[in-house]
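Have a look at the structure below, then the notes.
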Amino acid sequence: MKENYKIIKGLIDKNVCLAMARRLEQLLVNDIYRPPDSQCKLSPAFYGVFNDELEHYRSAIENAIDAKLYPVYTYSRIYQEGEYLLPHFDRPGAELSLTVTLDYDKFIWPIWFQDDNGAFQEVILDIGDALIYKGSLISHFRHPMHGQDFQHQTFFHYVYADGPFNHLKYDERTKLLSNKESELWNFPDWSDDKFRQDPNYIINRIASKKENL
């Protein structure tokens, strides 16, 4: 893909998106989620819970950009009223990404991207629309969301199969975690700092969750 981003209208069927949104809500009720991260400090997050969809739609994305991809991971949020997204670049494992609107309350909350000329452009994605973008190369952000209670959003992350980051496929695992496997990596007191300081902290938490399934 030569351009920094492009839009695919209706990539995912609206009913499928709504079902995905309801799944996020059920995961939240079941305490299967991660706490708000540093980029969005009000909104619960979900790691990998749509990895099956990440793989399912990969060929459609490859056809749209005329390139081969490896799946890396998905990330989702239930954005809350008052939330905002700070300007940022994504990590190398998100060399090529999609953001897809799954559901919203009263209006579509737009995302802003830096175009090829360096200007910032507003992008409005209806349910099922996908924005493909080079998140590690271009800055993107969202202004504060006021006047509605929620917007459900998911992000699919890939690397180019012949690119410099292809070793990051499957998020540096031997295989792509399934949706159910990824649920074990989501819990309310997830801490990236603890993970970096003591990987056994996460291993023990995963073992504990498996025992309670």
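Going through the structure tokens in order, the chains are called A, B, and so on, while each chain numbers its residues from 1 and the ligands are numbered from 1 in the order shown.
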
List every residue of segment 9-205 of chain A that DSSP, applied to the backbone, labels as strand (DSSP E), and write the result as a VMD selection string. chain A and resid 45 to 47 69 to 80 85 to 88 96 to 104 111 to 114 120 to 123 130 to 133 140 to 142 150 to 160

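Closest approach to Ile7 of chain A among A:Tyr201, A:Phe165, A:Tyr133, A:Trp190 is made by A:Tyr133 (distances from only C-alpha atoms).
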
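Distances to Glu62 of chain A were evaluated for A:Val49, A:Ala161, A:Gly93, A:Asp198 using only C-alpha atoms, and the minimum falls at A:Ala161.
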
Nearest to Asp115 of chain A, restricted to only C-alpha atoms and choosing among A:Cys40, A:Ile138, A:Leu27, A:Ile203, comes out as A:Ile138
